[in-house]
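A.B. asks: Hey, dropping target_5.pdb in here, PDB, C-alpha atoms:
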```pdb
ATOM      1  CA  MET A   1      86.441 141.165 105.446  1.00  0.00           C
ATOM      2  CA  LYS A   2      86.862 139.689 101.991  1.00  0.00           C
ATOM      3  CA  ILE A   3      90.278 141.327 101.528  1.00  0.00           C
ATOM      4  CA  THR A   4      91.540 140.080 104.882  1.00  0.00           C
ATOM      5  CA  ARG A   5      90.331 136.536 104.124  1.00  0.00           C
ATOM      6  CA  GLN A   6      92.184 136.579 100.806  1.00  0.00           C
ATOM      7  CA  LYS A   7      95.340 137.860 102.524  1.00  0.00           C
ATOM      8  CA  HIS A   8      95.198 135.014 105.015  1.00  0.00           C
ATOM      9  CA  ALA A   9      94.564 132.518 102.226  1.00  0.00           C
ATOM     10  CA  LYS A  10      97.501 133.890 100.221  1.00  0.00           C
ATOM     11  CA  LYS A  11      99.769 133.630 103.269  1.00  0.00           C
ATOM     12  CA  HIS A  12      98.716 130.035 103.992  1.00  0.00           C
ATOM     13  CA  ILE A  13      99.084 128.950 100.353  1.00  0.00           C
ATOM     14  CA  GLY A  14     102.560 130.496 100.246  1.00  0.00           C
ATOM     15  CA  PHE A  15     103.496 128.450 103.307  1.00  0.00           C
ATOM     16  CA  PHE A  16     102.312 125.184 101.724  1.00  0.00           C
ATOM     17  CA  ARG A  17     103.901 126.077  98.380  1.00  0.00           C
ATOM     18  CA  ASN A  18     107.335 126.809  99.848  1.00  0.00           C
ATOM     19  CA  ASN A  19     107.442 123.871 102.262  1.00  0.00           C
ATOM     20  CA  PHE A  20     105.400 121.143 100.568  1.00  0.00           C
ATOM     21  CA  GLY A  21     105.455 121.955  96.855  1.00  0.00           C
ATOM     22  CA  VAL A  22     101.736 122.746  96.518  1.00  0.00           C
ATOM     23  CA  ARG A  23     101.163 124.202  93.067  1.00  0.00           C
ATOM     24  CA  GLU A  24      98.437 125.167  90.606  1.00  0.00           C
ATOM     25  CA  PRO A  25      95.993 123.872  89.672  1.00  0.00           C
ATOM     26  CA  TYR A  26      95.026 123.354  93.301  1.00  0.00           C
ATOM     27  CA  GLN A  27      93.237 120.015  93.669  1.00  0.00           C
ATOM     28  CA  ILE A  28      90.339 120.354  96.118  1.00  0.00           C
ATOM     29  CA  LEU A  29      88.973 117.039  97.421  1.00  0.00           C
ATOM     30  CA  LEU A  30      85.306 117.510  98.353  1.00  0.00           C
ATOM     31  CA  ASP A  31      83.161 115.289 100.528  1.00  0.00           C
ATOM     32  CA  GLY A  32      79.370 115.215 100.812  1.00  0.00           C
ATOM     33  CA  THR A  33      79.234 117.520 103.849  1.00  0.00           C
ATOM     34  CA  PHE A  34      81.135 120.302 102.065  1.00  0.00           C
ATOM     35  CA  CYS A  35      78.943 119.979  98.959  1.00  0.00           C
ATOM     36  CA  GLN A  36      75.828 120.200 101.133  1.00  0.00           C
ATOM     37  CA  ALA A  37      77.148 123.294 102.949  1.00  0.00           C
ATOM     38  CA  ALA A  38      77.997 124.958  99.628  1.00  0.00           C
ATOM     39  CA  LEU A  39      74.466 124.208  98.383  1.00  0.00           C
ATOM     40  CA  ARG A  40      72.859 125.730 101.490  1.00  0.00           C
ATOM     41  CA  GLY A  41      75.089 128.807 101.361  1.00  0.00           C
ATOM     42  CA  ARG A  42      74.492 129.202  97.615  1.00  0.00           C
ATOM     43  CA  ILE A  43      78.226 129.168  96.970  1.00  0.00           C
ATOM     44  CA  GLN A  44      79.291 128.767  93.351  1.00  0.00           C
ATOM     45  CA  LEU A  45      82.376 126.673  93.921  1.00  0.00           C
ATOM     46  CA  ARG A  46      83.723 126.797  90.369  1.00  0.00           C
ATOM     47  CA  GLU A  47      83.603 130.587  90.313  1.00  0.00           C
ATOM     48  CA  GLN A  48      84.404 131.534  93.903  1.00  0.00           C
ATOM     49  CA  LEU A  49      87.173 129.052  94.729  1.00  0.00           C
ATOM     50  CA  PRO A  50      89.670 130.375  92.120  1.00  0.00           C
ATOM     51  CA  ARG A  51      89.004 133.935  93.292  1.00  0.00           C
ATOM     52  CA  TYR A  52      89.469 133.069  96.934  1.00  0.00           C
ATOM     53  CA  LEU A  53      92.635 131.004  96.410  1.00  0.00           C
ATOM     54  CA  MET A  54      93.878 133.375  93.662  1.00  0.00           C
ATOM     55  CA  GLY A  55      94.773 130.519  91.355  1.00  0.00           C
ATOM     56  CA  GLU A  56      93.439 127.794  89.099  1.00  0.00           C
ATOM     57  CA  THR A  57      91.571 125.036  90.916  1.00  0.00           C
ATOM     58  CA  GLN A  58      90.249 121.546  90.174  1.00  0.00           C
ATOM     59  CA  LEU A  59      87.241 120.198  92.063  1.00  0.00           C
ATOM     60  CA  CYS A  60      87.783 116.509  92.834  1.00  0.00           C
ATOM     61  CA  THR A  61      86.053 113.712  94.669  1.00  0.00           C
ATOM     62  CA  THR A  62      86.158 109.908  94.881  1.00  0.00           C
ATOM     63  CA  ARG A  63      83.878 106.994  94.043  1.00  0.00           C
ATOM     64  CA  CYS A  64      83.365 106.290  97.740  1.00  0.00           C
ATOM     65  CA  VAL A  65      81.999 109.817  98.308  1.00  0.00           C
ATOM     66  CA  LEU A  66      79.602 109.463  95.365  1.00  0.00           C
ATOM     67  CA  LYS A  67      78.421 106.066  96.556  1.00  0.00           C
ATOM     68  CA  GLU A  68      77.884 107.395 100.075  1.00  0.00           C
ATOM     69  CA  LEU A  69      75.750 110.268  98.740  1.00  0.00           C
ATOM     70  CA  GLU A  70      73.665 107.826  96.697  1.00  0.00           C
ATOM     71  CA  THR A  71      72.924 105.680  99.742  1.00  0.00           C
ATOM     72  CA  LEU A  72      71.897 108.703 101.862  1.00  0.00           C
ATOM     73  CA  GLY A  73      68.867 109.311  99.638  1.00  0.00           C
ATOM     74  CA  LYS A  74      66.882 112.369  98.555  1.00  0.00           C
ATOM     75  CA  ASP A  75      68.001 114.670 101.383  1.00  0.00           C
ATOM     76  CA  LEU A  76      71.442 114.956  99.828  1.00  0.00           C
ATOM     77  CA  TYR A  77      70.373 114.838  96.181  1.00  0.00           C
ATOM     78  CA  GLY A  78      71.639 118.392  95.519  1.00  0.00           C
ATOM     79  CA  ALA A  79      75.001 117.615  97.126  1.00  0.00           C
ATOM     80  CA  LYS A  80      75.237 114.510  94.963  1.00  0.00           C
ATOM     81  CA  LEU A  81      74.692 116.603  91.812  1.00  0.00           C
ATOM     82  CA  ILE A  82      77.529 118.935  92.841  1.00  0.00           C
ATOM     83  CA  ALA A  83      79.859 116.002  93.541  1.00  0.00           C
ATOM     84  CA  GLN A  84      79.013 114.343  90.229  1.00  0.00           C
ATOM     85  CA  LYS A  85      80.305 117.418  88.371  1.00  0.00           C
ATOM     86  CA  CYS A  86      83.711 117.039  90.016  1.00  0.00           C
ATOM     87  CA  GLN A  87      86.624 115.063  88.627  1.00  0.00           C
ATOM     88  CA  VAL A  88      86.711 111.567  90.097  1.00  0.00           C
ATOM     89  CA  ARG A  89      90.083 110.546  91.492  1.00  0.00           C
ATOM     90  CA  ASN A  90      91.029 106.889  91.783  1.00  0.00           C
ATOM     91  CA  CYS A  91      90.968 105.615  95.342  1.00  0.00           C
ATOM     92  CA  PRO A  92      92.273 102.254  96.633  1.00  0.00           C
ATOM     93  CA  HIS A  93      88.751 100.988  97.405  1.00  0.00           C
ATOM     94  CA  PHE A  94      87.782  99.481  94.056  1.00  0.00           C
ATOM     95  CA  LYS A  95      85.986  96.390  95.325  1.00  0.00           C
ATOM     96  CA  ASN A  96      84.709  97.422  98.756  1.00  0.00           C
ATOM     97  CA  ALA A  97      83.664 101.056  99.146  1.00  0.00           C
ATOM     98  CA  VAL A  98      84.276 102.806 102.470  1.00  0.00           C
ATOM     99  CA  SER A  99      82.856 105.964 104.031  1.00  0.00           C
ATOM    100  CA  GLY A 100      83.662 109.288 102.417  1.00  0.00           C
ATOM    101  CA  SER A 101      85.747 110.491 105.381  1.00  0.00           C
ATOM    102  CA  GLU A 102      87.817 107.305 105.472  1.00  0.00           C
ATOM    103  CA  CYS A 103      88.369 107.466 101.725  1.00  0.00           C
ATOM    104  CA  LEU A 104      89.510 111.126 101.741  1.00  0.00           C
ATOM    105  CA  LEU A 105      91.858 110.383 104.626  1.00  0.00           C
ATOM    106  CA  SER A 106      93.469 107.566 102.636  1.00  0.00           C
ATOM    107  CA  MET A 107      94.012 109.925  99.678  1.00  0.00           C
ATOM    108  CA  VAL A 108      96.384 112.122 101.709  1.00  0.00           C
ATOM    109  CA  GLU A 109      98.474 109.311 103.195  1.00  0.00           C
ATOM    110  CA  GLU A 110     102.278 109.094 102.876  1.00  0.00           C
ATOM    111  CA  GLY A 111     102.923 112.826 102.887  1.00  0.00           C
ATOM    112  CA  ASN A 112     100.119 113.843 100.501  1.00  0.00           C
ATOM    113  CA  PRO A 113     102.194 113.365  97.312  1.00  0.00           C
ATOM    114  CA  HIS A 114      99.408 114.710  95.024  1.00  0.00           C
ATOM    115  CA  HIS A 115      99.068 117.915  97.103  1.00  0.00           C
ATOM    116  CA  TYR A 116      95.335 117.583  97.729  1.00  0.00           C
ATOM    117  CA  PHE A 117      93.315 120.159  99.663  1.00  0.00           C
ATOM    118  CA  VAL A 118      90.644 118.473 101.826  1.00  0.00           C
ATOM    119  CA  ALA A 119      87.317 120.323 101.903  1.00  0.00           C
ATOM    120  CA  THR A 120      84.939 119.017 104.566  1.00  0.00           C
ATOM    121  CA  GLN A 121      82.502 120.002 107.323  1.00  0.00           C
ATOM    122  CA  ASP A 122      83.136 116.744 109.198  1.00  0.00           C
ATOM    123  CA  GLN A 123      84.803 117.664 112.504  1.00  0.00           C
ATOM    124  CA  ASP A 124      86.182 114.175 113.076  1.00  0.00           C
ATOM    125  CA  LEU A 125      87.781 114.138 109.618  1.00  0.00           C
ATOM    126  CA  SER A 126      89.183 117.644 110.162  1.00  0.00           C
ATOM    127  CA  VAL A 127      90.918 116.569 113.370  1.00  0.00           C
ATOM    128  CA  LYS A 128      92.497 113.571 111.611  1.00  0.00           C
ATOM    129  CA  VAL A 129      93.620 115.696 108.644  1.00  0.00           C
ATOM    130  CA  LYS A 130      95.325 118.179 110.982  1.00  0.00           C
ATOM    131  CA  LYS A 131      97.437 115.331 112.346  1.00  0.00           C
ATOM    132  CA  LYS A 132      98.910 114.786 108.877  1.00  0.00           C
ATOM    133  CA  PRO A 133     101.557 117.366 107.923  1.00  0.00           C
ATOM    134  CA  GLY A 134     101.280 119.164 104.605  1.00  0.00           C
ATOM    135  CA  VAL A 135      97.525 118.826 103.985  1.00  0.00           C
ATOM    136  CA  PRO A 136      95.630 122.130 103.475  1.00  0.00           C
ATOM    137  CA  LEU A 137      92.167 122.028 105.071  1.00  0.00           C
ATOM    138  CA  MET A 138      89.102 123.962 103.894  1.00  0.00           C
ATOM    139  CA  PHE A 139      85.624 124.420 105.376  1.00  0.00           C
ATOM    140  CA  ILE A 140      82.633 126.771 105.208  1.00  0.00           C
ATOM    141  CA  ILE A 141      81.662 129.151 108.027  1.00  0.00           C
ATOM    142  CA  GLN A 142      78.653 131.459 107.765  1.00  0.00           C
ATOM    143  CA  ASN A 143      78.297 130.839 104.027  1.00  0.00           C
ATOM    144  CA  THR A 144      81.965 131.752 103.371  1.00  0.00           C
ATOM    145  CA  MET A 145      84.843 129.472 102.431  1.00  0.00           C
ATOM    146  CA  VAL A 146      87.882 129.420 104.692  1.00  0.00           C
ATOM    147  CA  LEU A 147      91.345 127.961 104.179  1.00  0.00           C
ATOM    148  CA  ASP A 148      92.516 126.883 107.609  1.00  0.00           C
ATOM    149  CA  LYS A 149      95.924 127.948 108.874  1.00  0.00           C
ATOM    150  CA  PRO A 150      98.689 125.311 109.010  1.00  0.00           C
ATOM    151  CA  SER A 151      98.145 122.893 111.868  1.00  0.00           C
ATOM    152  CA  PRO A 152     100.614 122.567 114.784  1.00  0.00           C
ATOM    153  CA  LYS A 153     101.639 119.162 113.386  1.00  0.00           C
ATOM    154  CA  THR A 154     102.468 120.773 110.032  1.00  0.00           C
ATOM    155  CA  ILE A 155     104.468 123.590 111.632  1.00  0.00           C
ATOM    156  CA  ALA A 156     106.406 121.110 113.809  1.00  0.00           C
ATOM    157  CA  PHE A 157     107.206 119.031 110.727  1.00  0.00           C
ATOM    158  CA  VAL A 158     108.547 122.084 108.853  1.00  0.00           C
ATOM    159  CA  LYS A 159     110.739 123.020 111.816  1.00  0.00           C
ATOM    160  CA  ALA A 160     112.125 119.480 111.960  1.00  0.00           C
ATOM    161  CA  VAL A 161     112.942 119.655 108.243  1.00  0.00           C
ATOM    162  CA  GLU A 162     114.666 123.013 108.671  1.00  0.00           C
ATOM    163  CA  SER A 163     116.775 121.671 111.526  1.00  0.00           C
ATOM    164  CA  GLY A 164     117.816 118.700 109.364  1.00  0.00           C
ATOM    165  CA  GLN A 165     116.005 116.050 111.384  1.00  0.00           C
ATOM    166  CA  LEU A 166     113.586 115.149 108.575  1.00  0.00           C
ATOM    167  CA  VAL A 167     113.386 115.348 104.791  1.00  0.00           C
ATOM    168  CA  SER A 168     110.121 116.541 103.291  1.00  0.00           C
ATOM    169  CA  VAL A 169     108.381 114.804 100.397  1.00  0.00           C
ATOM    170  CA  HIS A 170     108.938 117.896  98.264  1.00  0.00           C
ATOM    171  CA  GLU A 171     112.691 117.755  98.884  1.00  0.00           C
ATOM    172  CA  LYS A 172     112.783 114.031  98.092  1.00  0.00           C
ATOM    173  CA  GLU A 173     111.056 114.667  94.767  1.00  0.00           C
ATOM    174  CA  SER A 174     113.445 117.496  93.883  1.00  0.00           C
ATOM    175  CA  ILE A 175     116.456 115.288  94.726  1.00  0.00           C
ATOM    176  CA  LYS A 176     115.108 112.518  92.492  1.00  0.00           C
ATOM    177  CA  HIS A 177     114.516 115.024  89.694  1.00  0.00           C
ATOM    178  CA  LEU A 178     118.086 116.349  89.940  1.00  0.00           C
ATOM    179  CA  LYS A 179     119.495 112.814  89.912  1.00  0.00           C
ATOM    180  CA  LYS A 180     117.513 111.980  86.774  1.00  0.00           C
ATOM    181  CA  GLU A 181     118.740 115.145  85.049  1.00  0.00           C
ATOM    182  CA  GLN A 182     122.358 114.274  85.833  1.00  0.00           C
ATOM    183  CA  GLY A 183     121.868 110.668  84.767  1.00  0.00           C
ATOM    184  CA  LEU A 184     122.609 109.232  88.193  1.00  0.00           C
ATOM    185  CA  VAL A 185     119.395 107.231  88.309  1.00  0.00           C
ATOM    186  CA  LYS A 186     118.742 104.466  85.813  1.00  0.00           C
ATOM    187  CA  ASN A 187     115.322 104.095  84.301  1.00  0.00           C
ATOM    188  CA  PRO A 188     113.328 101.145  85.664  1.00  0.00           C
ATOM    189  CA  GLU A 189     112.894  99.895  82.089  1.00  0.00           C
ATOM    190  CA  GLN A 190     116.642  99.609  81.708  1.00  0.00           C
ATOM    191  CA  ARG A 191     116.868  97.661  84.945  1.00  0.00           C
ATOM    192  CA  LYS A 192     114.253  95.218  83.776  1.00  0.00           C
ATOM    193  CA  ARG A 193     116.098  94.622  80.526  1.00  0.00           C
ATOM    194  CA  LYS A 194     118.601  92.130  81.806  1.00  0.00           C
ATOM    195  CA  LYS A 195     120.759  90.192  79.430  1.00  0.00           C
ATOM    196  CA  ARG A 196     119.192  86.886  78.766  1.00  0.00           C
ATOM    197  CA  LYS A 197     121.465  83.921  78.622  1.00  0.00           C
ATOM    198  CA  LYS A 198     121.681  82.470  75.156  1.00  0.00           C
ATOM    199  CA  ILE A 199     120.373  78.945  74.970  1.00  0.00           C
ATOM    200  CA  SER A 200     123.447  77.012  73.950  1.00  0.00           C
ATOM    201  CA  GLY A 201     123.063  73.884  71.882  1.00  0.00           C
ATOM    202  CA  PRO A 202     124.430  70.497  72.863  1.00  0.00           C
ATOM    203  CA  ASN A 203     128.138  69.897  72.831  1.00  0.00           C
ATOM    204  CA  PRO A 204     129.057  68.841  69.267  1.00  0.00           C
ATOM    205  CA  LEU A 205     131.613  66.364  70.604  1.00  0.00           C
ATOM    206  CA  SER A 206     128.963  64.606  72.666  1.00  0.00           C
ATOM    207  CA  CYS A 207     126.821  64.176  69.549  1.00  0.00           C
ATOM    208  CA  LEU A 208     129.500  62.173  67.743  1.00  0.00           C
ATOM    209  CA  LYS A 209     128.912  58.448  67.552  1.00  0.00           C
ATOM    210  CA  LYS A 210     131.318  56.237  69.418  1.00  0.00           C
ATOM    211  CA  LYS A 211     133.842  54.647  67.135  1.00  0.00           C
ATOM    212  CA  LYS A 212     133.679  50.904  67.062  1.00  0.00           C
ATOM    213  CA  LYS A 213     136.983  49.101  67.402  1.00  0.00           C
ATOM    214  CA  SER A 214     138.083  47.504  64.164  1.00  0.00           C
ATOM    215  CA  PRO A 215     138.468  43.673  64.107  1.00  0.00           C
ATOM    216  CA  ASP A 216     142.188  44.037  63.356  1.00  0.00           C
ATOM    217  CA  THR A 217     142.826  45.903  66.565  1.00  0.00           C
ATOM    218  CA  GLN A 218     140.757  43.381  68.524  1.00  0.00           C
ATOM    219  CA  SER A 219     142.678  40.411  67.046  1.00  0.00           C
ATOM    220  CA  SER A 220     146.049  42.055  67.682  1.00  0.00           C
ATOM    221  CA  ALA A 221     145.084  42.683  71.303  1.00  0.00           C
ATOM    222  CA  SER A 222     144.004  39.035  71.762  1.00  0.00           C
ATOM    223  CA  GLU A 223     147.253  37.774  70.182  1.00  0.00           C
ATOM    224  CA  LYS A 224     149.292  39.849  72.593  1.00  0.00           C
ATOM    225  CA  LYS A 225     147.403  38.354  75.514  1.00  0.00           C
ATOM    226  CA  ARG A 226     148.026  34.853  74.181  1.00  0.00           C
ATOM    227  CA  LYS A 227     151.716  35.513  73.727  1.00  0.00           C
ATOM    228  CA  ARG A 228     151.987  36.782  77.230  1.00  0.00           C
ATOM    229  CA  LYS A 229     150.241  33.663  78.543  1.00  0.00           C
ATOM    230  CA  ARG A 230     152.536  31.373  76.508  1.00  0.00           C
ATOM    231  CA  ILE A 231     155.612  33.128  77.812  1.00  0.00           C
ATOM    232  CA  ARG A 232     154.413  32.702  81.341  1.00  0.00           C
ATOM    233  CA  ASN A 233     153.756  28.976  80.731  1.00  0.00           C
ATOM    234  CA  ARG A 234     157.206  28.430  79.284  1.00  0.00           C
ATOM    235  CA  SER A 235     158.890  30.095  82.167  1.00  0.00           C
ATOM    236  CA  THR A 236     157.000  28.033  84.714  1.00  0.00           C
ATOM    237  CA  SER A 237     157.747  24.745  82.869  1.00  0.00           C
ATOM    238  CA  LYS A 238     161.436  25.641  82.761  1.00  0.00           C
ATOM    239  CA  VAL A 239     161.543  26.196  86.502  1.00  0.00           C
ATOM    240  CA  LEU A 240     159.807  22.880  87.143  1.00  0.00           C
ATOM    241  CA  SER A 241     162.243  20.921  84.932  1.00  0.00           C
ATOM    242  CA  GLU A 242     165.237  22.491  86.698  1.00  0.00           C
ATOM    243  CA  LYS A 243     163.816  21.482  90.070  1.00  0.00           C
ATOM    244  CA  GLN A 244     163.302  17.883  88.902  1.00  0.00           C
ATOM    245  CA  ASN A 245     166.882  17.633  87.597  1.00  0.00           C
ATOM    246  CA  ALA A 246     168.237  18.920  90.858  1.00  0.00           C
ATOM    247  CA  GLU A 247     166.301  16.331  92.851  1.00  0.00           C
ATOM    248  CA  GLY A 248     167.431  13.476  90.603  1.00  0.00           C
ATOM    249  CA  GLU A 249     171.064  14.346  91.087  1.00  0.00           C
TER     250      GLU A 249
END
```
Please lay out the structure from this file as structure tokens.

C.D. replies:
Amino acid sequence: MKITRQKHAKKHIGFFRNNFGVREPYQILLDGTFCQAALRGRIQLREQLPRYLMGETQLCTTRCVLKELETLGKDLYGAKLIAQKCQVRNCPHFKNAVSGSECLLSMVEEGNPHHYFVATQDQDLSVKVKKKPGVPLMFIIQNTMVLDKPSPKTIAFVKAVESGQLVSVHEKESIKHLKKEQGLVKNPEQRKRKKRKKISGPNPLSCLKKKKKSPDTQSSASEKKRKRKRIRNRSTSKVLSEKQNAEGE
């Protein structure tokens, strides 16, 4: 039985590795129900998980799961001790904690980019996880750990990717990596470093003081005006005298 279980686990891990980029160390997200089941079945998770999955593993949990176990009291004290020995992953619920199932579900959103395995005994959470493609699911049956086969949603997603209808998260990451290697993608730091406009000083011509007109130029201008006026007066007087002479004759 043990050999057949390992064969199935190896087959399922190969499927997730080839289609979703799951790699070692396998990150196993535990909730309180899985820790409690492991305690009752006397399962040594740190020793038995690497053997079963045939690879290096990391036991993980979240702050929300730990807080939930604390509020549940003495009945789950042993499960809380197991969870406290796991690595705590940052979840988006810093201020307001949520239930452990809701928190674990949020950790595998957007295509499960961190390649988490979800380990739970919660049936409701299991159903929701199966609706998300690319999330390996684990549970305990009769004191033995089981890696569930890929869900129908996961298989349908892989078929859509193979037919060219969708692009998997793993393929998107590989495309980005190739673009970076070929220098087709600029670093975000370089984008942020925009050329700042130099603060230009005031126009030097505008700073110059206005030149005051010299008194000579002012007097010459006034003399010209006077001359013009005198010329106009003479011409008008001449015309008047000619008119008078003509009338007298």

A.B. asks: Any chance you could resolve the PyMOL selection byres ((chain A and resi 45) around 12) against this file and give the residues as a ChimeraX atom specification?

C.D. replies: /A:28,30,34-39,41-44,46-53,57-60,82-83,85-86,119,140,143-145

A.B. asks: Could you take the residues named above and write them with C-alpha atoms, as a short mmCIF file (atom, residue, chain, number, x, y, z; two decimals), keeping the file's coordinate frame?

C.D. replies:
```cif
data_model
loop_
_atom_site.label_atom_id
_atom_site.label_comp_id
_atom_site.auth_asym_id
_atom_site.auth_seq_id
_atom_site.Cartn_x
_atom_site.Cartn_y
_atom_site.Cartn_z
CA ILE A 28 90.34 120.35 96.12
CA LEU A 30 85.31 117.51 98.35
CA PHE A 34 81.14 120.30 102.06
CA CYS A 35 78.94 119.98 98.96
CA GLN A 36 75.83 120.20 101.13
CA ALA A 37 77.15 123.29 102.95
CA ALA A 38 78.00 124.96 99.63
CA LEU A 39 74.47 124.21 98.38
CA GLY A 41 75.09 128.81 101.36
CA ARG A 42 74.49 129.20 97.62
CA ILE A 43 78.23 129.17 96.97
CA GLN A 44 79.29 128.77 93.35
CA ARG A 46 83.72 126.80 90.37
CA GLU A 47 83.60 130.59 90.31
CA GLN A 48 84.40 131.53 93.90
CA LEU A 49 87.17 129.05 94.73
CA PRO A 50 89.67 130.38 92.12
CA ARG A 51 89.00 133.94 93.29
CA TYR A 52 89.47 133.07 96.93
CA LEU A 53 92.64 131.00 96.41
CA THR A 57 91.57 125.04 90.92
CA GLN A 58 90.25 121.55 90.17
CA LEU A 59 87.24 120.20 92.06
CA CYS A 60 87.78 116.51 92.83
CA ILE A 82 77.53 118.94 92.84
CA ALA A 83 79.86 116.00 93.54
CA LYS A 85 80.31 117.42 88.37
CA CYS A 86 83.71 117.04 90.02
CA ALA A 119 87.32 120.32 101.90
CA ILE A 140 82.63 126.77 105.21
CA ASN A 143 78.30 130.84 104.03
CA THR A 144 81.96 131.75 103.37
CA MET A 145 84.84 129.47 102.43
#
```

A.B. asks: Could you tell me how far atom CA of A:Ser151 sits from atom CA of A:His12, in Å to one decimal place?

C.D. replies: 10.6 Å

A.B. asks: Hey, can you check how far atom CA of A:Cys64 sits from atom CA of A:Asn112?

C.D. replies: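 Spanning atom CA of A:Cys64 to atom CA of A:Asn112 is a straight-line distance of 18.6 Å.
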
A.B. asks: Mind giving me the straight-line distance from atom CA of A:Asp31 to atom CA of A:Thr61 in Å, one decimal?

C.D. replies: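 Between atom CA of A:Asp31 and atom CA of A:Thr61 the gap is 6.7 Å.
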
A.B. asks: Taking the file as I've supplied it (selection: the PyMOL selection byres ((chain A and resi 99-109) around 9)), which residues are included? Please answer as JSON, numbers by chain.

C.D. replies: {"A": [29, 30, 31, 32, 61, 62, 63, 64, 65, 66, 67, 68, 69, 90, 91, 92, 93, 97, 98, 110, 111, 112, 113, 114, 115, 116, 117, 118, 120, 122, 124, 125, 128, 129, 132, 135]}

A.B. asks: Compare A:Ser163, A:Thr33, A:Gln87, A:Asn18 by their minimum atom-to-atom distance to A:Met138, counting all atoms listed in the file, and give me the closest one.

C.D. replies: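 With all atoms listed in the file as the atom set, the closest residue is A:Thr33.
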
A.B. asks: Could you list, as a PyMOL selection string, every residue within 9 Å of A:Pro133, counting only C-alpha atoms and ignoring same-chain residues fewer than 3 positions away?

C.D. replies: chain A and resi 111-112+129-130+136+150-158

A.B. asks: Can you tell me, as JSON, the centre and edge lengths (Å, one decimal) of the axis-aligned box enclosing all of stretch 130-139 of chain A's listed atoms after padding each side by 3 Å?

C.D. replies:
```
{"center_x": 93.6, "center_y": 119.6, "center_z": 107.9, "size_x": 21.9, "size_y": 15.6, "size_z": 14.9}
```

A.B. asks: Let me make sure I understand: among A:Lys74, A:Ala9, A:Gly14, A:Arg40, which one has the smallest atom-to-atom distance to A:Ile141 if we use all atoms listed in the file?

C.D. replies: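 So, comparing all the options, the nearest one is A:Arg40.
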
A.B. asks: Hey, which of A:Asp148, A:Glu56, A:Glu162, A:Glu70 ends up closest to A:Tyr26? Count all atoms listed in the file.

C.D. replies: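 Nearest to A:Tyr26: A:Glu56.
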